[in-house]
Structure formats: structure tokens, C-alpha cells
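Structure file protein.cif (mmCIF, C-alpha atoms) follows.
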```cif
data_data
loop_
_atom_site.label_atom_id
_atom_site.label_comp_id
_atom_site.auth_asym_id
_atom_site.auth_seq_id
_atom_site.Cartn_x
_atom_site.Cartn_y
_atom_site.Cartn_z
CA MET A 1 -78.52 -18.87 -17.51
CA ILE A 2 -78.84 -22.12 -19.40
CA GLY A 3 -80.68 -20.96 -22.12
CA ALA A 4 -70.77 -33.02 -38.85
CA GLN A 5 -72.79 -33.76 -39.79
CA SER A 6 -70.77 -36.17 -41.78
CA GLY A 7 -68.06 -38.74 -41.62
CA GLN A 8 -67.39 -42.15 -43.04
CA LYS A 9 -69.30 -45.34 -42.50
CA ILE A 10 -68.03 -48.89 -42.55
CA GLY A 11 -69.82 -52.18 -42.60
CA LEU A 12 -69.72 -55.80 -43.71
CA LYS A 13 -70.39 -56.53 -47.36
CA ASN A 14 -69.67 -59.87 -49.03
CA GLY A 15 -67.84 -61.00 -45.92
CA LYS A 16 -65.51 -58.04 -45.57
CA VAL A 17 -65.61 -54.56 -44.13
CA GLU A 18 -65.77 -51.77 -46.66
CA ALA A 19 -65.52 -48.01 -46.28
CA MET A 20 -68.36 -45.93 -47.63
CA GLU A 21 -68.19 -42.17 -47.86
CA THR A 22 -71.18 -40.36 -46.47
CA LYS A 23 -72.79 -37.74 -48.69
CA GLY A 24 -70.88 -34.49 -48.35
CA SER A 25 -68.28 -35.99 -46.02
CA ALA A 26 -65.30 -33.85 -45.15
CA GLU A 27 -61.79 -35.20 -44.68
CA LEU A 28 -61.23 -37.02 -41.41
CA THR A 29 -58.14 -36.20 -39.37
CA THR A 30 -55.19 -38.58 -39.57
CA GLN A 31 -55.99 -40.27 -36.27
CA ALA A 32 -59.65 -40.68 -37.17
CA ARG A 33 -58.61 -42.35 -40.43
CA GLU A 34 -56.37 -44.69 -38.43
CA VAL A 35 -59.37 -45.72 -36.30
CA LEU A 36 -61.38 -46.22 -39.49
CA LYS A 37 -58.69 -48.56 -40.88
CA ILE A 38 -58.62 -50.60 -37.65
CA LEU A 39 -62.37 -51.07 -37.79
CA GLN A 40 -62.14 -51.97 -41.47
CA ARG A 41 -59.70 -54.75 -40.66
CA ALA A 42 -61.92 -56.11 -37.91
CA ARG A 43 -64.79 -58.39 -38.84
CA PHE A 44 -66.64 -58.35 -35.55
CA GLU A 45 -69.28 -55.81 -36.55
CA GLN A 46 -72.52 -56.73 -38.29
CA ALA A 47 -73.78 -53.14 -38.40
CA LEU A 48 -72.70 -50.07 -40.32
CA LEU A 49 -70.46 -47.81 -38.28
CA ARG A 50 -69.88 -44.10 -38.67
CA VAL A 51 -66.49 -42.58 -37.80
CA PHE A 52 -66.55 -38.83 -37.34
CA ASP A 53 -64.60 -36.07 -35.65
CA GLU A 54 -64.38 -32.30 -35.44
CA ALA A 55 -63.13 -31.92 -39.02
CA SER A 56 -65.87 -34.04 -40.55
CA THR A 57 -68.63 -32.21 -38.64
CA GLU A 58 -67.34 -28.74 -39.47
CA ARG A 59 -69.83 -27.72 -42.15
CA GLU A 60 -73.16 -26.22 -41.14
CA ASP A 61 -74.97 -27.14 -44.37
CA GLY A 62 -76.81 -29.98 -42.67
CA ALA A 63 -79.94 -27.85 -42.22
CA SER A 64 -83.17 -29.33 -43.45
CA PRO A 65 -83.89 -28.15 -47.01
CA THR A 66 -87.58 -28.93 -46.53
CA ILE A 67 -88.17 -27.01 -43.30
CA GLU A 68 -87.61 -23.26 -43.35
CA SER A 69 -85.15 -21.75 -40.84
CA CYS A 70 -83.94 -25.12 -39.52
CA SER A 71 -80.22 -24.46 -39.40
CA PRO A 72 -78.13 -26.67 -37.08
CA ALA A 73 -77.85 -23.75 -34.64
CA VAL A 74 -81.63 -23.28 -34.56
CA LEU A 75 -82.18 -27.01 -34.07
CA GLU A 76 -79.73 -26.94 -31.14
CA GLU A 77 -81.64 -24.05 -29.58
CA ILE A 78 -84.97 -25.85 -29.94
CA ALA A 79 -83.57 -29.08 -28.51
CA LEU A 80 -82.10 -27.19 -25.55
CA GLU A 81 -85.35 -25.45 -24.66
CA VAL A 82 -87.32 -28.69 -24.86
CA ALA A 83 -84.73 -30.71 -22.92
CA LEU A 84 -84.62 -28.13 -20.13
CA GLY A 85 -88.40 -28.33 -19.83
CA ALA A 86 -88.24 -32.12 -19.62
CA ALA A 87 -85.50 -31.94 -16.99
CA ALA A 88 -87.65 -29.65 -14.85
CA LEU A 89 -90.53 -32.13 -15.16
CA ILE A 90 -88.27 -35.00 -14.11
CA ARG A 91 -87.02 -33.16 -11.02
CA ARG A 92 -90.56 -32.23 -9.99
CA ARG A 93 -92.02 -35.70 -10.50
CA ARG A 94 -89.16 -37.40 -8.70
CA GLY A 95 -89.78 -35.23 -5.68
CA GLU A 96 -93.43 -36.24 -5.76
CA LEU A 97 -92.91 -39.99 -6.30
CA ALA A 98 -89.81 -40.89 -4.24
CA ASP A 99 -90.46 -42.99 -1.14
CA GLU A 100 -88.86 -42.58 2.29
CA HIS A 101 -85.69 -44.25 0.97
CA GLY A 102 -85.48 -41.93 -2.02
CA HIS A 103 -86.52 -44.63 -4.49
CA VAL A 104 -88.99 -44.35 -7.37
CA GLY A 105 -91.25 -47.21 -8.46
CA VAL A 106 -91.19 -49.07 -11.79
CA VAL A 107 -94.15 -49.44 -14.18
CA GLY A 108 -92.53 -51.91 -16.60
CA THR A 109 -89.35 -53.38 -18.07
CA LYS A 110 -87.78 -53.53 -21.53
CA THR A 111 -84.92 -55.83 -22.57
CA SER A 112 -84.80 -57.71 -19.25
CA GLU A 113 -86.20 -57.69 -15.73
CA VAL A 114 -83.44 -55.28 -14.67
CA ASP A 115 -84.07 -52.78 -17.51
CA PRO A 116 -86.79 -50.59 -15.97
CA VAL A 117 -89.28 -48.00 -17.19
CA THR A 118 -90.91 -45.47 -14.88
CA GLU A 119 -93.93 -43.28 -15.37
CA VAL A 120 -91.53 -40.33 -15.39
CA ASP A 121 -89.72 -41.77 -18.44
CA GLN A 122 -93.07 -41.90 -20.19
CA ALA A 123 -94.16 -38.43 -19.10
CA SER A 124 -90.83 -36.92 -20.12
CA GLU A 125 -90.96 -38.48 -23.57
CA LYS A 126 -94.58 -37.41 -24.08
CA LEU A 127 -93.64 -33.81 -23.27
CA ILE A 128 -90.58 -33.89 -25.53
CA VAL A 129 -92.37 -35.41 -28.50
CA GLU A 130 -95.28 -32.99 -28.30
CA GLN A 131 -93.03 -29.94 -28.09
CA LEU A 132 -90.60 -30.99 -30.81
CA LEU A 133 -93.38 -31.75 -33.29
CA GLN A 134 -95.04 -28.47 -32.43
CA ARG A 135 -91.82 -26.48 -32.76
CA VAL A 136 -90.75 -28.16 -36.02
CA PRO A 137 -93.83 -29.23 -38.01
CA GLY A 138 -93.06 -31.99 -40.48
CA SER A 139 -90.29 -33.49 -38.34
CA ARG A 140 -90.40 -36.96 -36.79
CA VAL A 141 -89.29 -38.29 -33.40
CA LEU A 142 -87.60 -41.59 -32.52
CA GLY A 143 -88.00 -42.08 -28.77
CA GLU A 144 -86.67 -44.84 -26.56
CA GLU A 145 -90.07 -45.55 -25.02
CA GLY A 146 -92.47 -44.87 -27.89
CA GLY A 147 -90.47 -45.60 -31.03
CA LEU A 148 -91.10 -43.58 -34.19
CA SER A 149 -93.80 -40.93 -34.14
CA SER A 150 -94.45 -41.68 -37.83
CA GLU A 151 -93.28 -44.38 -40.22
CA HIS A 152 -93.41 -42.00 -43.18
CA SER A 153 -90.05 -40.43 -44.01
CA ALA A 154 -88.94 -37.90 -46.60
CA PRO A 155 -85.56 -36.59 -47.81
CA GLY A 156 -84.38 -33.57 -45.86
CA GLU A 157 -86.68 -34.08 -42.92
CA VAL A 158 -85.55 -33.56 -39.32
CA LEU A 159 -85.52 -36.73 -37.25
CA TRP A 160 -85.28 -36.11 -33.51
CA ILE A 161 -83.69 -38.94 -31.51
CA VAL A 162 -84.75 -38.80 -27.87
CA ASP A 163 -83.87 -40.46 -24.59
CA PRO A 164 -86.29 -39.04 -22.00
CA ILE A 165 -84.17 -40.28 -19.09
CA ASP A 166 -80.76 -41.75 -19.85
CA GLY A 167 -79.70 -43.50 -16.67
CA THR A 168 -83.09 -44.69 -15.45
CA VAL A 169 -81.60 -47.02 -12.81
CA ASN A 170 -79.70 -44.06 -11.34
CA PHE A 171 -82.96 -42.11 -11.38
CA LEU A 172 -84.71 -44.97 -9.54
CA TYR A 173 -82.14 -45.05 -6.74
CA GLY A 174 -81.46 -41.34 -6.51
CA VAL A 175 -77.92 -41.59 -7.88
CA PRO A 176 -77.27 -38.10 -9.34
CA ALA A 177 -76.25 -39.18 -12.86
CA TYR A 178 -79.15 -39.17 -15.33
CA ALA A 179 -79.92 -36.97 -18.27
CA VAL A 180 -82.26 -35.91 -21.05
CA SER A 181 -80.74 -36.47 -24.49
CA ILE A 182 -82.05 -34.98 -27.76
CA ALA A 183 -80.32 -35.10 -31.15
CA ALA A 184 -81.43 -33.70 -34.52
CA VAL A 185 -80.56 -35.81 -37.56
CA VAL A 186 -81.00 -34.80 -41.22
CA ASP A 187 -80.55 -37.40 -43.97
CA GLY A 188 -78.77 -39.69 -41.54
CA GLN A 189 -76.34 -37.02 -40.34
CA PRO A 190 -76.30 -35.67 -36.76
CA VAL A 191 -76.54 -31.87 -36.94
CA ALA A 192 -77.39 -30.86 -33.35
CA GLY A 193 -77.14 -32.47 -29.94
CA VAL A 194 -78.18 -31.56 -26.40
CA VAL A 195 -77.65 -33.51 -23.17
CA VAL A 196 -79.05 -32.02 -19.96
CA ASP A 197 -77.65 -33.32 -16.67
CA VAL A 198 -80.87 -33.25 -14.65
CA THR A 199 -79.45 -33.08 -11.12
CA ALA A 200 -76.42 -30.88 -11.88
CA ARG A 201 -78.66 -28.55 -13.92
CA GLU A 202 -76.04 -28.29 -16.64
CA ALA A 203 -76.49 -28.68 -20.38
CA TYR A 204 -73.98 -29.96 -22.93
CA VAL A 205 -74.69 -28.66 -26.43
CA ALA A 206 -73.21 -28.67 -29.93
CA HIS A 207 -74.21 -28.38 -33.56
CA ALA A 208 -72.47 -29.06 -36.85
CA GLY A 209 -69.93 -26.33 -37.43
CA GLY A 210 -70.31 -24.91 -33.91
CA PRO A 211 -68.37 -25.38 -30.67
CA ALA A 212 -69.21 -27.86 -27.94
CA ARG A 213 -70.22 -26.05 -24.76
CA ARG A 214 -71.34 -26.71 -21.21
CA LEU A 215 -74.01 -24.27 -20.07
CA LYS A 216 -74.39 -23.49 -16.38
CA SER A 217 -77.70 -23.03 -14.59
CA ASP A 218 -76.34 -20.42 -12.19
CA GLY A 219 -75.94 -17.71 -14.81
CA ALA A 220 -72.16 -18.17 -14.96
CA GLY A 221 -72.31 -18.54 -18.73
CA ALA A 222 -70.84 -21.29 -20.89
CA ASP A 223 -67.64 -23.32 -20.80
CA LEU A 224 -66.08 -24.10 -24.17
CA LEU A 225 -65.33 -27.83 -24.26
CA ARG A 226 -62.01 -28.86 -25.83
CA VAL A 227 -60.47 -32.33 -25.82
CA GLU A 228 -56.73 -32.01 -25.29
CA PRO A 229 -54.78 -34.58 -27.33
CA ALA A 230 -52.93 -37.10 -25.19
CA GLU A 231 -49.65 -36.35 -27.00
CA LEU A 232 -49.49 -32.98 -25.25
CA GLU A 233 -49.43 -34.70 -21.87
CA VAL A 234 -46.51 -37.12 -22.41
CA GLU A 235 -42.84 -36.34 -21.94
CA THR A 236 -41.01 -34.83 -24.87
CA GLY A 237 -38.14 -36.59 -26.57
CA LYS A 238 -39.78 -40.03 -26.54
CA ALA A 239 -40.47 -42.17 -29.58
CA SER A 240 -44.02 -41.74 -30.85
CA CYS A 241 -44.98 -45.40 -30.37
CA ASN A 242 -43.74 -45.33 -26.77
CA ALA A 243 -45.58 -42.07 -26.21
CA SER A 244 -48.83 -43.61 -27.48
CA ASP A 245 -48.44 -46.65 -25.23
CA LYS A 246 -47.67 -44.42 -22.26
CA ALA A 247 -50.69 -42.22 -23.05
CA LEU A 248 -53.01 -45.24 -23.09
CA GLY A 249 -51.55 -46.40 -19.79
CA LYS A 250 -52.56 -43.06 -18.27
CA ALA A 251 -56.02 -43.02 -19.83
CA LEU A 252 -59.17 -43.07 -17.69
CA ILE A 253 -61.77 -45.08 -19.59
CA ALA A 254 -65.54 -45.04 -19.03
CA THR A 255 -67.84 -47.85 -20.10
CA GLY A 256 -71.25 -49.35 -19.44
CA PHE A 257 -72.87 -52.75 -19.24
CA SER A 258 -75.80 -54.45 -20.87
CA TYR A 259 -78.93 -55.51 -19.02
CA LEU A 260 -78.57 -59.02 -20.52
CA ALA A 261 -76.50 -61.57 -18.57
CA GLU A 262 -74.77 -63.13 -21.59
CA ASP A 263 -73.73 -59.73 -22.92
CA ARG A 264 -72.34 -58.82 -19.52
CA ARG A 265 -70.19 -61.93 -19.54
CA ARG A 266 -68.59 -60.85 -22.83
CA GLN A 267 -68.16 -57.30 -21.57
CA ALA A 268 -66.40 -58.59 -18.45
CA GLU A 269 -64.00 -60.64 -20.61
CA LEU A 270 -63.15 -57.50 -22.59
CA LEU A 271 -62.46 -55.59 -19.38
CA THR A 272 -59.98 -58.24 -18.22
CA ARG A 273 -57.91 -57.48 -21.35
CA LEU A 274 -58.32 -53.74 -21.11
CA LEU A 275 -57.91 -52.98 -17.40
CA PRO A 276 -54.19 -53.90 -17.09
CA LYS A 277 -53.37 -51.51 -19.96
CA VAL A 278 -55.14 -48.33 -18.82
CA ARG A 279 -55.14 -46.08 -15.76
CA ASP A 280 -58.56 -47.20 -14.55
CA ILE A 281 -62.19 -47.85 -15.51
CA ARG A 282 -65.27 -45.83 -14.59
CA ARG A 283 -68.90 -46.97 -14.84
CA ILE A 284 -71.26 -44.04 -14.26
CA GLY A 285 -74.52 -45.43 -15.61
CA SER A 286 -75.47 -42.90 -18.30
CA ALA A 287 -74.03 -43.25 -21.80
CA ALA A 288 -75.06 -39.71 -22.75
CA LEU A 289 -73.25 -38.20 -19.76
CA ASP A 290 -70.21 -40.42 -20.30
CA LEU A 291 -69.88 -39.15 -23.88
CA CYS A 292 -70.14 -35.58 -22.62
CA ARG A 293 -67.46 -36.31 -20.02
CA VAL A 294 -65.14 -37.22 -22.88
CA ALA A 295 -65.91 -33.79 -24.35
CA SER A 296 -65.21 -32.06 -21.00
CA GLY A 297 -62.02 -34.04 -20.31
CA GLU A 298 -63.36 -35.76 -17.20
CA VAL A 299 -62.57 -39.11 -18.85
CA ASP A 300 -60.27 -39.86 -21.78
CA ALA A 301 -62.57 -42.28 -23.59
CA TYR A 302 -65.91 -44.04 -23.41
CA PHE A 303 -66.95 -47.25 -25.14
CA GLU A 304 -69.85 -49.66 -24.99
CA HIS A 305 -71.41 -52.31 -27.20
CA GLY A 306 -75.15 -52.64 -27.70
CA LEU A 307 -76.51 -49.13 -27.21
CA GLY A 308 -79.66 -47.76 -28.81
CA PRO A 309 -79.49 -44.66 -31.02
CA TRP A 310 -81.10 -42.51 -28.30
CA ASP A 311 -78.17 -43.36 -26.00
CA HIS A 312 -75.42 -42.02 -28.26
CA ALA A 313 -76.83 -39.71 -30.98
CA ALA A 314 -76.42 -36.42 -29.11
CA GLY A 315 -73.38 -37.31 -27.01
CA CYS A 316 -71.25 -38.57 -29.91
CA LEU A 317 -71.77 -35.32 -31.82
CA ILE A 318 -70.94 -33.24 -28.73
CA ALA A 319 -67.74 -35.25 -28.17
CA ALA A 320 -66.75 -34.91 -31.83
CA ARG A 321 -67.29 -31.16 -31.87
CA ALA A 322 -65.07 -30.92 -28.77
CA GLY A 323 -62.24 -32.66 -30.63
CA ALA A 324 -62.77 -36.35 -29.83
CA ILE A 325 -62.98 -39.15 -32.37
CA SER A 326 -66.45 -40.72 -32.30
CA VAL A 327 -67.64 -44.07 -33.62
CA ALA A 328 -71.32 -45.02 -33.72
CA PRO A 329 -73.69 -47.17 -35.77
CA ASP A 330 -76.36 -45.79 -38.05
CA TYR A 331 -79.48 -44.59 -36.27
CA ASP A 332 -81.64 -47.49 -37.45
CA VAL A 333 -79.33 -49.96 -35.68
CA THR A 334 -80.90 -51.41 -32.54
CA LYS A 335 -79.31 -52.65 -29.33
CA GLU A 336 -79.57 -56.22 -30.58
CA ALA A 337 -76.81 -55.57 -33.15
CA LYS A 338 -74.37 -55.05 -30.24
CA ALA A 339 -72.49 -52.47 -32.30
CA LEU A 340 -69.60 -50.47 -30.91
CA VAL A 341 -70.01 -46.90 -29.68
CA LEU A 342 -66.77 -45.07 -28.92
CA ALA A 343 -65.61 -41.54 -28.14
CA VAL A 344 -61.89 -41.11 -27.49
CA LYS A 345 -59.36 -38.31 -27.28
CA PRO A 346 -56.67 -38.16 -29.96
CA GLY A 347 -53.43 -39.80 -28.90
CA VAL A 348 -55.00 -42.94 -27.44
CA ALA A 349 -57.59 -43.61 -30.15
CA ARG A 350 -55.57 -46.05 -32.26
CA GLU A 351 -54.33 -48.12 -29.32
CA LEU A 352 -57.75 -48.30 -27.66
CA ALA A 353 -59.47 -49.23 -30.94
CA GLU A 354 -56.97 -52.06 -31.42
CA LEU A 355 -57.78 -53.42 -27.96
CA LEU A 356 -61.53 -53.20 -28.52
CA VAL A 357 -61.45 -55.25 -31.73
CA GLU A 358 -59.05 -57.99 -30.57
#
```

As C-alpha cells, the full file:
Amino acid sequence: MIGAQSGQKIGLKNGKVEAMETKGSAELTTQAREVLKILQRARFEQALLRVFDEASTEREDGASPTIESCSPAVLEEIALEVALGAAALIRRRRGELADEHGHVGVVGTKTSEVDPVTEVDQASEKLIVEQLLQRVPGSRVLGEEGGLSSEHSAPGEVLWIVDPIDGTVNFLYGVPAYAVSIAAVVDGQPVAGVVVDVTAREAYVAHAGGPARRLKSDGAGADLLRVEPAELEVETGKASCNASDKALGKALIATGFSYLAEDRRRQAELLTRLLPKVRDIRRIGSAALDLCRVASGEVDAYFEHGLGPWDHAAGCLIAARAGAISVAPDYDVTKEAKALVLAVKPGVARELAELLVE
């Protein structure tokens, strides 16, 4: 039954990209450091980026020192229970609200006329916020729909980052690819993440120092998620550079698109450079689920520019704990910064990063 906190950050300072070690950061793997160097050389980012992987999220000392018994494992458990409750609410309300075509109505929009909000988004977030604050007194919540539950912050507090329905357009149309995403962050470091696939009734979970898992709703237990490096899949006896190029050519890459027309134009231009050099592109419509599909091996990488923190906070940690290399901006960076979010399996990380910063 379904029952890293650290890395390195980079950003622009005095016209150049500089590396900044995060408090308590562990050593990144060689390939993660290569990605870090590529991003350091690039000057396209105006927001701080965090590069992290399994090694740099290995320690479990990211628990809140101000809230008793809030270890990363406990925070994962709390997030899972709350996310499952929200997923049940979403399924019930969709059944009540869907019309004869299976569509759900819209109550408002956000960044553009094609970026919708439904009453179920709002109800899901209300439920999540109430339960998280009740379960962990003294914590705060950053939700996609309602923003911060409190402007007051304190060192060591737990900040929950919540997307009540990631993939709202899919939810509207009845496309079975939308999720509840909840991450726990302490002092800017992700320590627990949960993504619940609402229609599949599966949960992807991880915490700092713990394994990434996929939990089944049918009582079949949990699948351990491991990202298999691309090098293991290429023919032996080849030069390493040729092997890397061949691995990228066989890579299945997921991505997403902005709701703003001008951003979509730039994203389309990037795809014209990328598509001839990879196996194929997938666009599923939920960043949180795409990141989890990197963790499960269903895709080899996911990237997108211009996500909000609620889109990537949980999924990037889950992918990293499964063995992927993750890149994400700090959690106070908004969509308007158009920062890069990336999760990629080792073996194609360097080549894909080079393409994304050209």
C-alpha cells in the first residue's frame, strides 16, 4: 500500500559566473562537476543555479534544528500522507465536475490566457497547506496558487514547496498525467520530496540520504529507482568521446513549454538544434512527473526553462537520489527568470548541457 540536501550553486556576479559552495556541501561526482563547469562558462543565466546529485544529497543532517523530530525521513512521510490525501480529493472532485466530454471548467488564469487555474487546484492547495502547518507547527508553505503562508522566516525552519496540481491542462482535458508535488526545504536545501501521480495512483518519494522509490497503490510494495549510466549501454572498446556522442544520440529527452508565446518561440529554436542529435523528444505536460520519469528510467533526461520552484523542488531531489544529475535555481527564483531546470542520467549529461547553453 502506498503509505542532499546540498550541492553547489552558480550565478552571475560582476559579469561572470562564479561557483559558490553551499553550506555543508558534499563532493559532487566527476560528471556533475563537468556540468557545473559548463554552466560556469555560460553566461546565459541571470539566476543562481544549484547542481546536485546522489553524492551531494547523501547526508541526512538536513533535519530542522528548530523543530523536534523533523528528520528528512519524517518529513518525507508527512509529505506523502498529505499528498495522497490531496490526490484523493482531486480524483473525487474531477468526477463531480467533469462535463459530458470529460472536461473541467476554469476559474481563472495566471501567466497568460492559456495558463489556467481550476477550483480543484485551489481546494487541493488549501487542504495541503492546512495539513502541513498542522503536522509541522512553525513551518511555512510556498504554494503555486497562494504564495507564501507567512513572510516571516527563521534559520532552520521547514519550508514546504507545493504544487497542488502539476499538469493542470492535462487535468482539464482528462489526459492522465498530472500530479501533486510537495518538497521540504531547510535552509535552502531540499531534504524530502514526494510526487503523487494522481491517475496512476503511484507515489515517487525520496529524502536526503535515502533511496528514491516508487510506491504502488495495489499493495505490491515499492520499486527502488536507479538511473543506469549511459556508458553501460554503449558498445565496449569504443573511445570515450565517441561513446558519449553515441549515448546522446540514443537518449530520449523530455521537455516542456512556456505558456508565453515569445518564450515558446525560443524553446522551439532550441529544439531545432537538439532534435537532430538525440533519439527523440517527449512532451508529457507535467514537470514533476517528467523529473520522476528520469529517476525511473522512462526518459534519459528532462529540461525546461522558466519553471516555478513548485514545479521542480520535489522532482529534482527524487531524480538526484536515483542517480541523476540535477540542476535547478534557488527556490526564490520565479518563472520570469527563465532559469534552466535539468535532470539527466550520467553519460549524456556533459553533451546535453553543452547543447542547452549554446

(request) Give me the result of the PyMOL selection byres ((chain A and resi 83) around 9) on this file, residue by residue, as a PyMOL selection string. (result) chain A and resi 78-82+84-88+128+164+180-182+194-196+203

(request) Would you write out, as an MDAnalysis selection string, every residue that the PyMOL selection byres ((chain A and resi 173) around 9) captures in this file? (result) chainID A and resid 101:104 168:172 174:176

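If you look at atom CA of Arg91 of chain A and atom CA of Arg140 of chain A, they are 26.3 Å away from each other.
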
(request) Can you pull out every residue within 8 Å of Ala184 of chain A, counting all atoms listed in the file, but drop anything in the same chain fewer than 6 positions away, and send it as a PyMOL selection string? (result) chain A and resi 75-76+79+158-161+190-193+314

(request) Let me know the residues the PyMOL selection byres ((chain A and resi 327-332) around 7) catches in the file above, as an MDAnalysis selection string. (result) chainID A and resid 47:52 309 325:326 333:334 339:343

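Considering all atoms listed in the file, the residue among A:Ala322, A:Leu89, A:Ile253, A:Val74 positioned nearest to Leu274 of chain A is A:Ile253.
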
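Considering all atoms listed in the file, the residue among A:Pro276, A:Gly105, A:Gly323, A:Gly249 positioned nearest to Cys292 of chain A is A:Gly323.
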
(message) Residues near Thr30 of chain A, anyone? I mean within 12 Å using only C-alpha atoms, not counting same-chain ones fewer than 6 positions away, as a ChimeraX atom specification.
(response) /A:36-37,52-56,325,346-347,349-350

(request) Just the residues within 9 Å of Val141 of chain A, please, counting only C-alpha atoms, with nothing from its chain fewer than 2 positions along; format it as a ChimeraX atom specification. (result) /A:129,132-133,139,143,147-150,158-162

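Our summary of the geometry notes that atom CA of Tyr204 of chain A is positioned 22.1 Å from atom CA of Arg94 of chain A.
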
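Straight-line separation from atom CA of Ser296 of chain A to atom CA of Asp223 of chain A: 9.1 Å.
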
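The shortest atom-to-atom distance to Ser217 of chain A, with all atoms listed in the file taken into account, belongs to A:Arg201 out of A:Arg201, A:Lys335, A:Arg293, A:Lys277.
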
(request) Quick one: everything within 12 Å of Glu351 of chain A, counting only C-alpha atoms, minus sequence neighbours fewer than 3 positions away in the same chain. Send it as a ChimeraX atom specification. (result) /A:31,34-35,38,230,241-249,251,274,277-278,301,344-348,354-358

Give the padded box for segment 142-149 of chain A as lines of an AutoDock Vina configuration file: axis-aligned, covering all atoms listed in the file, 8 Å on each side, centre and edge lengths in Å to one decimal.
```
center_x = -90.2
center_y = -43.3
center_z = -29.6
size_x = 23.1
size_y = 20.7
size_z = 25.2
```

(request) Measuring atom to atom with all atoms listed in the file, identify which of A:Glu145, A:Glu269, A:Asp187, A:Asp300 is nearest to Arg282 of chain A. (result) A:Asp300

(request) Return the single residue from A:Glu304, A:Asp166, A:Glu96, A:Glu130 that is closest to Leu270 of chain A, with distances computed using all atoms listed in the file. (result) A:Glu304
